[in-house]
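File shown: structure_33.pdb. Contents: PDB, N, CA and C atoms.
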ATOM      1  N   MET G 260      22.313  11.514  15.518
ATOM      2  CA  MET G 260      21.438  11.768  14.382
ATOM      3  C   MET G 260      21.044  13.242  14.402
ATOM      4  N   THR G 261      21.147  13.868  13.257
ATOM      5  CA  THR G 261      20.806  15.286  13.161
ATOM      6  C   THR G 261      19.294  15.463  13.127
ATOM      7  N   PRO G 262      18.820  16.657  13.447
ATOM      8  CA  PRO G 262      17.369  16.889  13.386
ATOM      9  C   PRO G 262      16.783  16.628  11.993
ATOM     10  N   SER G 263      17.514  16.997  10.948
ATOM     11  CA  SER G 263      16.983  16.760   9.603
ATOM     12  C   SER G 263      16.940  15.261   9.284
ATOM     13  N   SER G 264      17.887  14.497   9.809
ATOM     14  CA  SER G 264      17.854  13.040   9.609
ATOM     15  C   SER G 264      16.660  12.426  10.332
ATOM     16  N   THR G 265      16.361  12.936  11.518
ATOM     17  CA  THR G 265      15.206  12.448  12.276
ATOM     18  C   THR G 265      13.916  12.711  11.508
ATOM     19  N   ILE G 266      13.811  13.886  10.942
ATOM     20  CA  ILE G 266      12.628  14.227  10.137
ATOM     21  C   ILE G 266      12.552  13.316   8.917
ATOM     22  N   ALA G 267      13.690  13.073   8.282
ATOM     23  CA  ALA G 267      13.726  12.202   7.098
ATOM     24  C   ALA G 267      13.252  10.793   7.455
ATOM     25  N   VAL G 268      13.700  10.277   8.585
ATOM     26  CA  VAL G 268      13.293   8.931   9.011
ATOM     27  C   VAL G 268      11.795   8.896   9.302
ATOM     28  N   ALA G 269      11.287   9.893  10.009
ATOM     29  CA  ALA G 269       9.853   9.938  10.325
ATOM     30  C   ALA G 269       9.015  10.018   9.048
ATOM     31  N   LEU G 270       9.435  10.866   8.130
ATOM     32  CA  LEU G 270       8.705  10.996   6.861
ATOM     33  C   LEU G 270       8.791   9.710   6.032
ATOM     34  N   ALA G 271       9.951   9.069   6.036
ATOM     35  CA  ALA G 271      10.109   7.816   5.295
ATOM     36  C   ALA G 271       9.185   6.739   5.864
ATOM     37  N   CYS G 272       9.022   6.721   7.177
ATOM     38  CA  CYS G 272       8.094   5.759   7.802
ATOM     39  C   CYS G 272       6.646   6.045   7.384
ATOM     40  N   CYS G 273       6.291   7.319   7.373
ATOM     41  CA  CYS G 273       4.935   7.702   6.925
ATOM     42  C   CYS G 273       4.723   7.327   5.463
ATOM     43  N   SER G 274       5.734   7.558   4.655
ATOM     44  CA  SER G 274       5.651   7.198   3.244
ATOM     45  C   SER G 274       5.479   5.694   3.069
ATOM     46  N   ALA G 275       6.241   4.912   3.821
ATOM     47  CA  ALA G 275       6.136   3.459   3.740
ATOM     48  C   ALA G 275       4.738   3.002   4.135
ATOM     49  N   PHE G 276       4.174   3.618   5.162
ATOM     50  CA  PHE G 276       2.812   3.268   5.579
ATOM     51  C   PHE G 276       1.809   3.595   4.469
ATOM     52  N   ALA G 277       1.951   4.761   3.855
ATOM     53  CA  ALA G 277       1.031   5.147   2.778
ATOM     54  C   ALA G 277       1.139   4.186   1.595
ATOM     55  N   TYR G 278       2.362   3.790   1.235
ATOM     56  CA  TYR G 278       2.544   2.829   0.150
ATOM     57  C   TYR G 278       1.938   1.470   0.510
ATOM     58  N   ALA G 279       2.115   1.045   1.760
ATOM     59  CA  ALA G 279       1.550  -0.234   2.196
ATOM     60  C   ALA G 279       0.021  -0.186   2.165
ATOM     61  N   LEU G 280      -0.545   0.920   2.621
ATOM     62  CA  LEU G 280      -1.998   1.078   2.576
ATOM     63  C   LEU G 280      -2.492   1.046   1.136
ATOM     64  N   SER G 281      -1.762   1.699   0.249
ATOM     65  CA  SER G 281      -2.111   1.687  -1.168
ATOM     66  C   SER G 281      -2.130   0.268  -1.719
ATOM     67  N   ALA G 282      -1.087  -0.490  -1.430
ATOM     68  CA  ALA G 282      -1.007  -1.873  -1.921
ATOM     69  C   ALA G 282      -2.148  -2.717  -1.374
ATOM     70  N   ALA G 283      -2.454  -2.557  -0.082
ATOM     71  CA  ALA G 283      -3.519  -3.348   0.534
ATOM     72  C   ALA G 283      -4.885  -2.991  -0.053
ATOM     73  N   LEU G 284      -5.147  -1.707  -0.203
ATOM     74  CA  LEU G 284      -6.444  -1.292  -0.759
ATOM     75  C   LEU G 284      -6.601  -1.737  -2.213
ATOM     76  N   GLN G 285      -5.568  -1.566  -2.997
ATOM     77  CA  GLN G 285      -5.666  -1.934  -4.403
ATOM     78  C   GLN G 285      -5.756  -3.447  -4.580
ATOM     79  N   ARG G 286      -5.038  -4.221  -3.758
ATOM     80  CA  ARG G 286      -5.146  -5.676  -3.832
ATOM     81  C   ARG G 286      -6.558  -6.127  -3.450
ATOM     82  N   ARG G 287      -7.088  -5.509  -2.413
ATOM     83  CA  ARG G 287      -8.446  -5.840  -1.965
ATOM     84  C   ARG G 287      -9.466  -5.589  -3.073
ATOM     85  N   GLU G 288      -9.385  -4.437  -3.680
ATOM     86  CA  GLU G 288     -10.364  -4.091  -4.711
ATOM     87  C   GLU G 288     -10.152  -4.886  -5.993
ATOM     88  N   THR G 289      -8.903  -5.211  -6.316
ATOM     89  CA  THR G 289      -8.667  -6.036  -7.523
ATOM     90  C   THR G 289      -9.237  -7.423  -7.298
ATOM     91  N   GLY G 290      -9.083  -7.936  -6.084
ATOM     92  CA  GLY G 290      -9.648  -9.248  -5.773
ATOM     93  C   GLY G 290     -11.157  -9.252  -5.849
ATOM     94  N   ARG G 291     -11.775  -8.194  -5.404
ATOM     95  CA  ARG G 291     -13.242  -8.112  -5.457
ATOM     96  C   ARG G 291     -13.737  -7.917  -6.880
ATOM     97  N   SER G 292     -12.999  -7.179  -7.686
ATOM     98  CA  SER G 292     -13.386  -7.003  -9.084
ATOM     99  C   SER G 292     -13.204  -8.291  -9.864
ATOM    100  N   ALA G 293     -12.224  -9.092  -9.472
ATOM    101  CA  ALA G 293     -11.956 -10.357 -10.163
ATOM    102  C   ALA G 293     -13.068 -11.370  -9.933
ATOM    103  N   ASP G 294     -13.937 -11.127  -8.933
ATOM    104  CA  ASP G 294     -15.044 -12.038  -8.668
ATOM    105  C   ASP G 294     -16.130 -11.952  -9.742
ATOM    106  N   GLY G 295     -16.059 -10.911 -10.563
ATOM    107  CA  GLY G 295     -17.054 -10.738 -11.616
ATOM    108  C   GLY G 295     -16.846 -11.720 -12.757
ATOM    109  N   PRO G 296     -17.703 -11.642 -13.795
ATOM    110  CA  PRO G 296     -17.640 -12.585 -14.902
ATOM    111  C   PRO G 296     -16.368 -12.485 -15.731
ATOM    112  N   ASP G 297     -15.817 -11.285 -15.885
ATOM    113  CA  ASP G 297     -14.620 -11.118 -16.713
ATOM    114  C   ASP G 297     -13.546 -10.425 -15.875
ATOM    115  N   HIS G 298     -12.447 -11.110 -15.634
ATOM    116  CA  HIS G 298     -11.404 -10.504 -14.816
ATOM    117  C   HIS G 298     -10.105 -10.322 -15.600
ATOM    118  N   SER G 299     -10.242  -9.767 -16.788
ATOM    119  CA  SER G 299      -9.060  -9.419 -17.565
ATOM    120  C   SER G 299      -9.425  -8.317 -18.552
ATOM    121  N   GLY G 300      -8.425  -7.571 -18.947
ATOM    122  CA  GLY G 300      -8.600  -6.581 -20.003
ATOM    123  C   GLY G 300      -9.356  -5.339 -19.599
ATOM    124  N   VAL G 301      -9.936  -4.684 -20.593
ATOM    125  CA  VAL G 301     -10.605  -3.399 -20.419
ATOM    126  C   VAL G 301     -11.809  -3.489 -19.481
ATOM    127  N   PRO G 302     -12.679  -4.509 -19.590
ATOM    128  CA  PRO G 302     -13.819  -4.561 -18.662
ATOM    129  C   PRO G 302     -13.373  -4.648 -17.192
ATOM    130  N   PHE G 303     -12.308  -5.405 -16.949
ATOM    131  CA  PHE G 303     -11.803  -5.525 -15.578
ATOM    132  C   PHE G 303     -11.301  -4.172 -15.079
ATOM    133  N   PHE G 304     -10.510  -3.487 -15.885
ATOM    134  CA  PHE G 304      -9.997  -2.183 -15.492
ATOM    135  C   PHE G 304     -11.140  -1.186 -15.329
ATOM    136  N   GLY G 305     -12.123  -1.265 -16.188
ATOM    137  CA  GLY G 305     -13.300  -0.391 -16.071
ATOM    138  C   GLY G 305     -14.023  -0.594 -14.758
ATOM    139  N   SER G 306     -14.104  -1.859 -14.310
ATOM    140  CA  SER G 306     -14.761  -2.111 -13.026
ATOM    141  C   SER G 306     -13.937  -1.550 -11.871
ATOM    142  N   LEU G 307     -12.619  -1.563 -11.997
ATOM    143  CA  LEU G 307     -11.779  -0.966 -10.954
ATOM    144  C   LEU G 307     -11.995   0.544 -10.872
ATOM    145  N   LEU G 308     -12.173   1.175 -12.019
ATOM    146  CA  LEU G 308     -12.360   2.625 -12.038
ATOM    147  C   LEU G 308     -13.643   3.055 -11.338
ATOM    148  N   ARG G 309     -14.579   2.136 -11.165
ATOM    149  CA  ARG G 309     -15.840   2.438 -10.485
ATOM    150  C   ARG G 309     -15.807   2.090  -8.993
ATOM    151  N   ARG G 310     -14.664   1.675  -8.490
ATOM    152  CA  ARG G 310     -14.550   1.268  -7.083
ATOM    153  C   ARG G 310     -13.850   2.379  -6.285
ATOM    154  N   PRO G 311     -14.571   3.025  -5.364
ATOM    155  CA  PRO G 311     -13.980   4.140  -4.607
ATOM    156  C   PRO G 311     -12.760   3.742  -3.772
ATOM    157  N   TRP G 312     -12.748   2.535  -3.213
ATOM    158  CA  TRP G 312     -11.606   2.132  -2.396
ATOM    159  C   TRP G 312     -10.367   1.905  -3.259
ATOM    160  N   TRP G 313     -10.548   1.548  -4.526
ATOM    161  CA  TRP G 313      -9.393   1.419  -5.411
ATOM    162  C   TRP G 313      -8.781   2.803  -5.617
ATOM    163  N   TRP G 314      -9.642   3.810  -5.791
ATOM    164  CA  TRP G 314      -9.162   5.182  -5.927
ATOM    165  C   TRP G 314      -8.505   5.648  -4.635
ATOM    166  N   GLY G 315      -9.001   5.170  -3.495
ATOM    167  CA  GLY G 315      -8.339   5.460  -2.220
ATOM    168  C   GLY G 315      -6.920   4.926  -2.218
ATOM    169  N   GLY G 316      -6.739   3.745  -2.798
ATOM    170  CA  GLY G 316      -5.398   3.178  -2.922
ATOM    171  C   GLY G 316      -4.511   4.014  -3.827
ATOM    172  N   VAL G 317      -5.076   4.511  -4.905
ATOM    173  CA  VAL G 317      -4.313   5.384  -5.807
ATOM    174  C   VAL G 317      -3.916   6.666  -5.070
ATOM    175  N   ALA G 318      -4.855   7.229  -4.320
ATOM    176  CA  ALA G 318      -4.565   8.453  -3.559
ATOM    177  C   ALA G 318      -3.473   8.199  -2.519
ATOM    178  N   ALA G 319      -3.534   7.056  -1.837
ATOM    179  CA  ALA G 319      -2.512   6.719  -0.847
ATOM    180  C   ALA G 319      -1.143   6.572  -1.508
ATOM    181  N   MET G 320      -1.123   6.048  -2.726
ATOM    182  CA  MET G 320       0.137   5.911  -3.453
ATOM    183  C   MET G 320       0.718   7.288  -3.795
ATOM    184  N   VAL G 321      -0.119   8.193  -4.232
ATOM    185  CA  VAL G 321       0.338   9.549  -4.566
ATOM    186  C   VAL G 321       0.855  10.251  -3.309
ATOM    187  N   VAL G 322       0.108  10.117  -2.217
ATOM    188  CA  VAL G 322       0.537  10.731  -0.956
ATOM    189  C   VAL G 322       1.869  10.126  -0.507
ATOM    190  N   GLY G 323       1.995   8.810  -0.623
ATOM    191  CA  GLY G 323       3.252   8.156  -0.258
ATOM    192  C   GLY G 323       4.418   8.670  -1.082
ATOM    193  N   ALA G 324       4.199   8.864  -2.371
ATOM    194  CA  ALA G 324       5.265   9.372  -3.245
ATOM    195  C   ALA G 324       5.649  10.801  -2.863
ATOM    196  N   LEU G 325       4.652  11.624  -2.583
ATOM    197  CA  LEU G 325       4.939  13.015  -2.197
ATOM    198  C   LEU G 325       5.710  13.078  -0.879
ATOM    199  N   ILE G 326       5.290  12.276   0.090
ATOM    200  CA  ILE G 326       5.996  12.248   1.374
ATOM    201  C   ILE G 326       7.422  11.742   1.181
ATOM    202  N   HIS G 327       7.586  10.764   0.313
ATOM    203  CA  HIS G 327       8.919  10.217   0.028
ATOM    204  C   HIS G 327       9.842  11.304  -0.537
ATOM    205  N   VAL G 328       9.324  12.099  -1.441
ATOM    206  CA  VAL G 328      10.119  13.187  -2.035
ATOM    207  C   VAL G 328      10.516  14.203  -0.960
ATOM    208  N   VAL G 329       9.569  14.521  -0.089
ATOM    209  CA  VAL G 329       9.878  15.469   0.992
ATOM    210  C   VAL G 329      10.932  14.869   1.933
ATOM    211  N   ALA G 330      10.798  13.570   2.225
ATOM    212  CA  ALA G 330      11.786  12.901   3.078
ATOM    213  C   ALA G 330      13.172  12.985   2.458
ATOM    214  N   LEU G 331      13.241  12.850   1.145
ATOM    215  CA  LEU G 331      14.537  12.945   0.458
ATOM    216  C   LEU G 331      15.132  14.347   0.544
ATOM    217  N   SER G 332      14.292  15.347   0.748
ATOM    218  CA  SER G 332      14.839  16.701   0.902
ATOM    219  C   SER G 332      15.470  16.892   2.283
ATOM    220  N   PHE G 333      15.136  16.025   3.239
ATOM    221  CA  PHE G 333      15.712  16.104   4.579
ATOM    222  C   PHE G 333      16.856  15.114   4.801
ATOM    223  N   GLY G 334      16.883  14.042   4.020
ATOM    224  CA  GLY G 334      17.911  13.027   4.213
ATOM    225  C   GLY G 334      18.326  12.412   2.896
ATOM    226  N   SER G 335      19.421  11.709   2.936
ATOM    227  CA  SER G 335      19.956  11.106   1.715
ATOM    228  C   SER G 335      19.137   9.884   1.297
ATOM    229  N   ILE G 336      19.325   9.495   0.063
ATOM    230  CA  ILE G 336      18.613   8.318  -0.449
ATOM    231  C   ILE G 336      19.055   7.053   0.286
ATOM    232  N   THR G 337      20.291   7.035   0.754
ATOM    233  CA  THR G 337      20.767   5.857   1.499
ATOM    234  C   THR G 337      20.122   5.755   2.879
ATOM    235  N   LEU G 338      19.544   6.830   3.362
ATOM    236  CA  LEU G 338      18.804   6.810   4.620
ATOM    237  C   LEU G 338      17.322   6.523   4.386
ATOM    238  N   VAL G 339      16.745   7.171   3.398
ATOM    239  CA  VAL G 339      15.295   7.119   3.175
ATOM    240  C   VAL G 339      14.849   5.830   2.477
ATOM    241  N   GLN G 340      15.547   5.432   1.447
ATOM    242  CA  GLN G 340      15.096   4.300   0.625
ATOM    243  C   GLN G 340      14.988   2.982   1.393
ATOM    244  N   PRO G 341      15.969   2.615   2.229
ATOM    245  CA  PRO G 341      15.816   1.350   2.965
ATOM    246  C   PRO G 341      14.580   1.317   3.872
ATOM    247  N   ILE G 342      14.195   2.465   4.397
ATOM    248  CA  ILE G 342      12.988   2.524   5.228
ATOM    249  C   ILE G 342      11.751   2.334   4.358
ATOM    250  N   GLY G 343      11.795   2.858   3.148
ATOM    251  CA  GLY G 343      10.670   2.709   2.226
ATOM    252  C   GLY G 343      10.366   1.263   1.898
ATOM    253  N   VAL G 344      11.380   0.424   1.935
ATOM    254  CA  VAL G 344      11.190  -0.997   1.635
ATOM    255  C   VAL G 344      10.311  -1.666   2.682
ATOM    256  N   SER G 345      10.224  -1.079   3.865
ATOM    257  CA  SER G 345       9.369  -1.665   4.906
ATOM    258  C   SER G 345       7.895  -1.669   4.508
ATOM    259  N   ALA G 346       7.545  -0.946   3.471
ATOM    260  CA  ALA G 346       6.160  -0.986   2.972
ATOM    261  C   ALA G 346       5.776  -2.413   2.592
ATOM    262  N   LEU G 347       6.734  -3.170   2.089
ATOM    263  CA  LEU G 347       6.465  -4.563   1.726
ATOM    264  C   LEU G 347       6.050  -5.372   2.950
ATOM    265  N   ILE G 348       6.677  -5.099   4.089
ATOM    266  CA  ILE G 348       6.368  -5.823   5.318
ATOM    267  C   ILE G 348       5.050  -5.329   5.912
ATOM    268  N   LEU G 349       4.784  -4.043   5.817
ATOM    269  CA  LEU G 349       3.558  -3.474   6.382
ATOM    270  C   LEU G 349       2.313  -3.836   5.588
ATOM    271  N   ALA G 350       2.467  -4.081   4.293
ATOM    272  CA  ALA G 350       1.302  -4.340   3.441
ATOM    273  C   ALA G 350       0.554  -5.609   3.859
ATOM    274  N   LEU G 351       1.266  -6.631   4.269
ATOM    275  CA  LEU G 351       0.617  -7.895   4.634
ATOM    276  C   LEU G 351      -0.307  -7.752   5.840
ATOM    277  N   PRO G 352       0.156  -7.208   6.980
ATOM    278  CA  PRO G 352      -0.778  -7.058   8.097
ATOM    279  C   PRO G 352      -1.909  -6.071   7.808
ATOM    280  N   LEU G 353      -1.626  -5.031   7.038
ATOM    281  CA  LEU G 353      -2.697  -4.097   6.675
ATOM    282  C   LEU G 353      -3.765  -4.785   5.830
ATOM    283  N   ASP G 354      -3.324  -5.586   4.876
ATOM    284  CA  ASP G 354      -4.263  -6.321   4.036
ATOM    285  C   ASP G 354      -5.110  -7.279   4.875
ATOM    286  N   ALA G 355      -4.460  -7.994   5.788
ATOM    287  CA  ALA G 355      -5.190  -8.931   6.653
ATOM    288  C   ALA G 355      -6.186  -8.183   7.530
ATOM    289  N   TRP G 356      -5.788  -7.029   8.029
ATOM    290  CA  TRP G 356      -6.689  -6.233   8.869
ATOM    291  C   TRP G 356      -7.898  -5.745   8.070
ATOM    292  N   LEU G 357      -7.658  -5.278   6.849
ATOM    293  CA  LEU G 357      -8.768  -4.814   6.010
ATOM    294  C   LEU G 357      -9.739  -5.947   5.674
ATOM    295  N   GLU G 358      -9.204  -7.129   5.487
ATOM    296  CA  GLU G 358     -10.032  -8.291   5.135
ATOM    297  C   GLU G 358     -10.572  -9.022   6.362
ATOM    298  N   ARG G 359     -10.180  -8.555   7.537
ATOM    299  CA  ARG G 359     -10.592  -9.185   8.805
ATOM    300  C   ARG G 359     -10.274 -10.681   8.814
ATOM    301  N   ARG G 360      -9.013 -10.981   8.568
ATOM    302  CA  ARG G 360      -8.562 -12.372   8.547
ATOM    303  C   ARG G 360      -7.211 -12.479   9.218
ATOM    304  N   ARG G 361      -6.864 -13.688   9.572
ATOM    305  CA  ARG G 361      -5.554 -13.953  10.176
ATOM    306  C   ARG G 361      -4.527 -14.180   9.063
ATOM    307  N   ILE G 362      -3.299 -13.837   9.351
ATOM    308  CA  ILE G 362      -2.219 -14.053   8.394
ATOM    309  C   ILE G 362      -1.739 -15.495   8.544
ATOM    310  N   GLU G 363      -1.709 -16.198   7.436
ATOM    311  CA  GLU G 363      -1.263 -17.580   7.466
ATOM    312  C   GLU G 363       0.263 -17.645   7.438
ATOM    313  N   ARG G 364       0.794 -18.737   7.946
ATOM    314  CA  ARG G 364       2.243 -18.937   8.007
ATOM    315  C   ARG G 364       2.888 -18.824   6.619
ATOM    316  N   ARG G 365       2.250 -19.410   5.608
ATOM    317  CA  ARG G 365       2.829 -19.385   4.268
ATOM    318  C   ARG G 365       2.915 -17.962   3.712
ATOM    319  N   GLU G 366       2.012 -17.083   4.145
ATOM    320  CA  GLU G 366       2.063 -15.696   3.697
ATOM    321  C   GLU G 366       3.294 -14.989   4.275
ATOM    322  N   TRP G 367       3.596 -15.253   5.543
ATOM    323  CA  TRP G 367       4.774 -14.649   6.160
ATOM    324  C   TRP G 367       6.047 -15.152   5.490
ATOM    325  N   ILE G 368       6.049 -16.431   5.153
ATOM    326  CA  ILE G 368       7.234 -17.016   4.516
ATOM    327  C   ILE G 368       7.428 -16.411   3.138
TER
END
Can the structure from this file be put into structure tokens for me?
Amino acid sequence: MTPSSTIAVALACCSAFAYALSAALQRRETGRSADGPDHSGVPFFGSLLRRPWWWGGVAAMVVGALIHVVALSFGSITLVQPIGVSALILALPLDAWLERRRIERREWI
């Protein structure tokens, strides 16, 4: 593996983590906003805009995208993109950790 490929892999892993954190934070805040009286449409979205952790999720998504672009400058899309998919796997344990709960078997399945 070349040095630039190593950098691409490391950056792709960081990007995947940032995307997973974004998904976990935004899911958490959407779930908490849905506990209110109206969980659809403009009022629901308005309540999300007032939640700082939801904005943290948006920021993590932007950071993940920027890191992903930088990773692509060091390695090919066939190297970087498959690693990015690991965000799907990382999001579940991150979400469980944020909610201080155990992951159920059906969630893993």
Just to confirm, what's the straight-line distance from atom N of Ile342 in chain G to atom C of Ser263 in chain G in Å (one decimal)?
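Pair atom N of Ile342 in chain G / atom C of Ser263 in chain G returns 14.0 Å.
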Have a look at G:Leu270, G:Leu284, G:Ile362, G:Leu351 and name the one nearest to Trp313 in chain G; count only N, CA and C atoms.
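Closest residue, counting only N, CA and C atoms: G:Leu284.
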So that I can check the surroundings of Val329 in chain G, please list as a ChimeraX atom specification every protein, DNA and RNA residue that reaches within 8 Å of it, counting all atoms listed in the file and ignoring chain neighbours fewer than 3 positions away.
/G:266-267,270-271,323-326,332-334
Write out as lines of an AutoDock Vina configuration file an axis-aligned box for range 301-305 of chain G: all of its atoms listed in the file, 8 Å added on each side, centre and edge lengths in Å with one decimal.
center_x = -12.0
center_y = -3.0
center_z = -17.7
size_x = 20.1
size_y = 21.1
size_z = 21.8
When DSSP is applied to the backbone of this structure, which of chain G are assigned alpha helix (DSSP H)? Write them out as number ranges by chain.
G: 262-292, 300-308, 311-333, 336-343, 345-358, 364-367
Residue nearest Ile348 in chain G among G:Gly290, G:Pro311, G:Ala279, G:Arg365 (counting all atoms listed in the file):
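Among G:Gly290, G:Pro311, G:Ala279, G:Arg365, it is G:Ala279 that comes nearest to Ile348 in chain G.
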Which of these residues is nearest to Val321 in chain G, using only C-alpha atoms: G:Ala350, G:Ala282, G:Ile368, G:Leu307?
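So, comparing all the options, the nearest one is G:Ala282.
Among the candidates G:Gln285, G:Val268, G:Arg361, G:Pro352, the residue lying nearest to Gly315 in chain G is G:Gln285 (atoms considered: all atoms listed in the file).
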Shortest interatomic distance to Gln340 in chain G - which of G:Leu280, G:Val301, G:Met260, G:Val328, counting only C-alpha atoms:
G:Val328
Looking at only N, CA and C atoms, which of G:Arg364, G:Trp312, G:Cys273, G:Leu347 is the one that sits closest to Arg287 in chain G?
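Between G:Arg364, G:Trp312, G:Cys273, G:Leu347, the residue approaching Arg287 in chain G most closely is G:Trp312.
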Figure out the distance between atom N of Ala283 in chain G and CA of Leu357 in chain G, please, to one decimal in Å.
9.1 Å
Near Arg286 in chain G, counting only N, CA and C atoms, which residues have an atom at most 8 Å away, once you skip same-chain residues fewer than 5 positions from it, shown as a PyMOL selection string?
chain G and resi 280-281+291-292+313+316+354
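Taking CA of Ser264 in chain G as the reference point, atom C of Ala319 in chain G is found at 22.9 Å.
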Could I see range 304-311 of chain G restored to all heavy atoms, set down as a PDB file, in the frame of the given file?
ATOM      1  N   PHE G 304     -10.510  -3.487 -15.885  1.00  0.00           N
ATOM      2  CA  PHE G 304      -9.997  -2.183 -15.492  1.00  0.00           C
ATOM      3  C   PHE G 304     -11.140  -1.186 -15.329  1.00  0.00           C
ATOM      4  O   PHE G 304     -11.136  -0.377 -14.410  1.00  0.00           O
ATOM      5  CB  PHE G 304      -8.975  -1.667 -16.508  1.00  0.00           C
ATOM      6  CG  PHE G 304      -8.285  -0.416 -16.073  1.00  0.00           C
ATOM      7  CD1 PHE G 304      -7.429  -0.421 -14.982  1.00  0.00           C
ATOM      8  CD2 PHE G 304      -8.498   0.779 -16.735  1.00  0.00           C
ATOM      9  CE1 PHE G 304      -6.798   0.741 -14.562  1.00  0.00           C
ATOM     10  CE2 PHE G 304      -7.869   1.946 -16.325  1.00  0.00           C
ATOM     11  CZ  PHE G 304      -7.014   1.922 -15.233  1.00  0.00           C
ATOM     12  N   GLY G 305     -12.123  -1.265 -16.188  1.00  0.00           N
ATOM     13  CA  GLY G 305     -13.300  -0.391 -16.071  1.00  0.00           C
ATOM     14  C   GLY G 305     -14.023  -0.594 -14.758  1.00  0.00           C
ATOM     15  O   GLY G 305     -14.504   0.355 -14.139  1.00  0.00           O
ATOM     16  N   SER G 306     -14.104  -1.859 -14.310  1.00  0.00           N
ATOM     17  CA  SER G 306     -14.761  -2.111 -13.026  1.00  0.00           C
ATOM     18  C   SER G 306     -13.937  -1.550 -11.871  1.00  0.00           C
ATOM     19  O   SER G 306     -14.490  -1.093 -10.872  1.00  0.00           O
ATOM     20  CB  SER G 306     -15.026  -3.607 -12.834  1.00  0.00           C
ATOM     21  OG  SER G 306     -13.831  -4.304 -12.600  1.00  0.00           O
ATOM     22  N   LEU G 307     -12.619  -1.563 -11.997  1.00  0.00           N
ATOM     23  CA  LEU G 307     -11.779  -0.966 -10.954  1.00  0.00           C
ATOM     24  C   LEU G 307     -11.995   0.544 -10.872  1.00  0.00           C
ATOM     25  O   LEU G 307     -12.013   1.113  -9.783  1.00  0.00           O
ATOM     26  CB  LEU G 307     -10.298  -1.238 -11.235  1.00  0.00           C
ATOM     27  CG  LEU G 307      -9.767  -2.615 -10.892  1.00  0.00           C
ATOM     28  CD1 LEU G 307      -8.297  -2.718 -11.287  1.00  0.00           C
ATOM     29  CD2 LEU G 307      -9.948  -2.948  -9.431  1.00  0.00           C
ATOM     30  N   LEU G 308     -12.173   1.175 -12.019  1.00  0.00           N
ATOM     31  CA  LEU G 308     -12.360   2.625 -12.038  1.00  0.00           C
ATOM     32  C   LEU G 308     -13.643   3.055 -11.338  1.00  0.00           C
ATOM     33  O   LEU G 308     -13.777   4.205 -10.931  1.00  0.00           O
ATOM     34  CB  LEU G 308     -12.370   3.139 -13.484  1.00  0.00           C
ATOM     35  CG  LEU G 308     -11.047   3.019 -14.231  1.00  0.00           C
ATOM     36  CD1 LEU G 308     -11.230   3.462 -15.680  1.00  0.00           C
ATOM     37  CD2 LEU G 308      -9.963   3.821 -13.548  1.00  0.00           C
ATOM     38  N   ARG G 309     -14.579   2.136 -11.165  1.00  0.00           N
ATOM     39  CA  ARG G 309     -15.840   2.438 -10.485  1.00  0.00           C
ATOM     40  C   ARG G 309     -15.807   2.090  -8.993  1.00  0.00           C
ATOM     41  O   ARG G 309     -16.804   2.220  -8.312  1.00  0.00           O
ATOM     42  CB  ARG G 309     -16.991   1.702 -11.164  1.00  0.00           C
ATOM     43  CG  ARG G 309     -17.275   2.188 -12.572  1.00  0.00           C
ATOM     44  CD  ARG G 309     -18.510   1.548 -13.169  1.00  0.00           C
ATOM     45  NE  ARG G 309     -18.381   0.116 -13.372  1.00  0.00           N
ATOM     46  CZ  ARG G 309     -17.800  -0.465 -14.423  1.00  0.00           C
ATOM     47  NH1 ARG G 309     -17.288   0.292 -15.373  1.00  0.00           N
ATOM     48  NH2 ARG G 309     -17.733  -1.767 -14.532  1.00  0.00           N
ATOM     49  N   ARG G 310     -14.664   1.675  -8.490  1.00  0.00           N
ATOM     50  CA  ARG G 310     -14.550   1.268  -7.083  1.00  0.00           C
ATOM     51  C   ARG G 310     -13.850   2.379  -6.285  1.00  0.00           C
ATOM     52  O   ARG G 310     -12.670   2.640  -6.479  1.00  0.00           O
ATOM     53  CB  ARG G 310     -13.781  -0.038  -6.981  1.00  0.00           C
ATOM     54  CG  ARG G 310     -14.483  -1.171  -7.745  1.00  0.00           C
ATOM     55  CD  ARG G 310     -13.796  -2.477  -7.543  1.00  0.00           C
ATOM     56  NE  ARG G 310     -14.150  -3.131  -6.299  1.00  0.00           N
ATOM     57  CZ  ARG G 310     -15.294  -3.766  -6.072  1.00  0.00           C
ATOM     58  NH1 ARG G 310     -16.218  -3.814  -7.001  1.00  0.00           N
ATOM     59  NH2 ARG G 310     -15.501  -4.348  -4.923  1.00  0.00           N
ATOM     60  N   PRO G 311     -14.571   3.025  -5.364  1.00  0.00           N
ATOM     61  CA  PRO G 311     -13.980   4.140  -4.607  1.00  0.00           C
ATOM     62  C   PRO G 311     -12.760   3.742  -3.772  1.00  0.00           C
ATOM     63  O   PRO G 311     -11.820   4.526  -3.630  1.00  0.00           O
ATOM     64  CB  PRO G 311     -15.106   4.621  -3.699  1.00  0.00           C
ATOM     65  CG  PRO G 311     -16.333   3.913  -4.106  1.00  0.00           C
ATOM     66  CD  PRO G 311     -15.968   2.814  -5.032  1.00  0.00           C
TER      67      PRO G 311
END
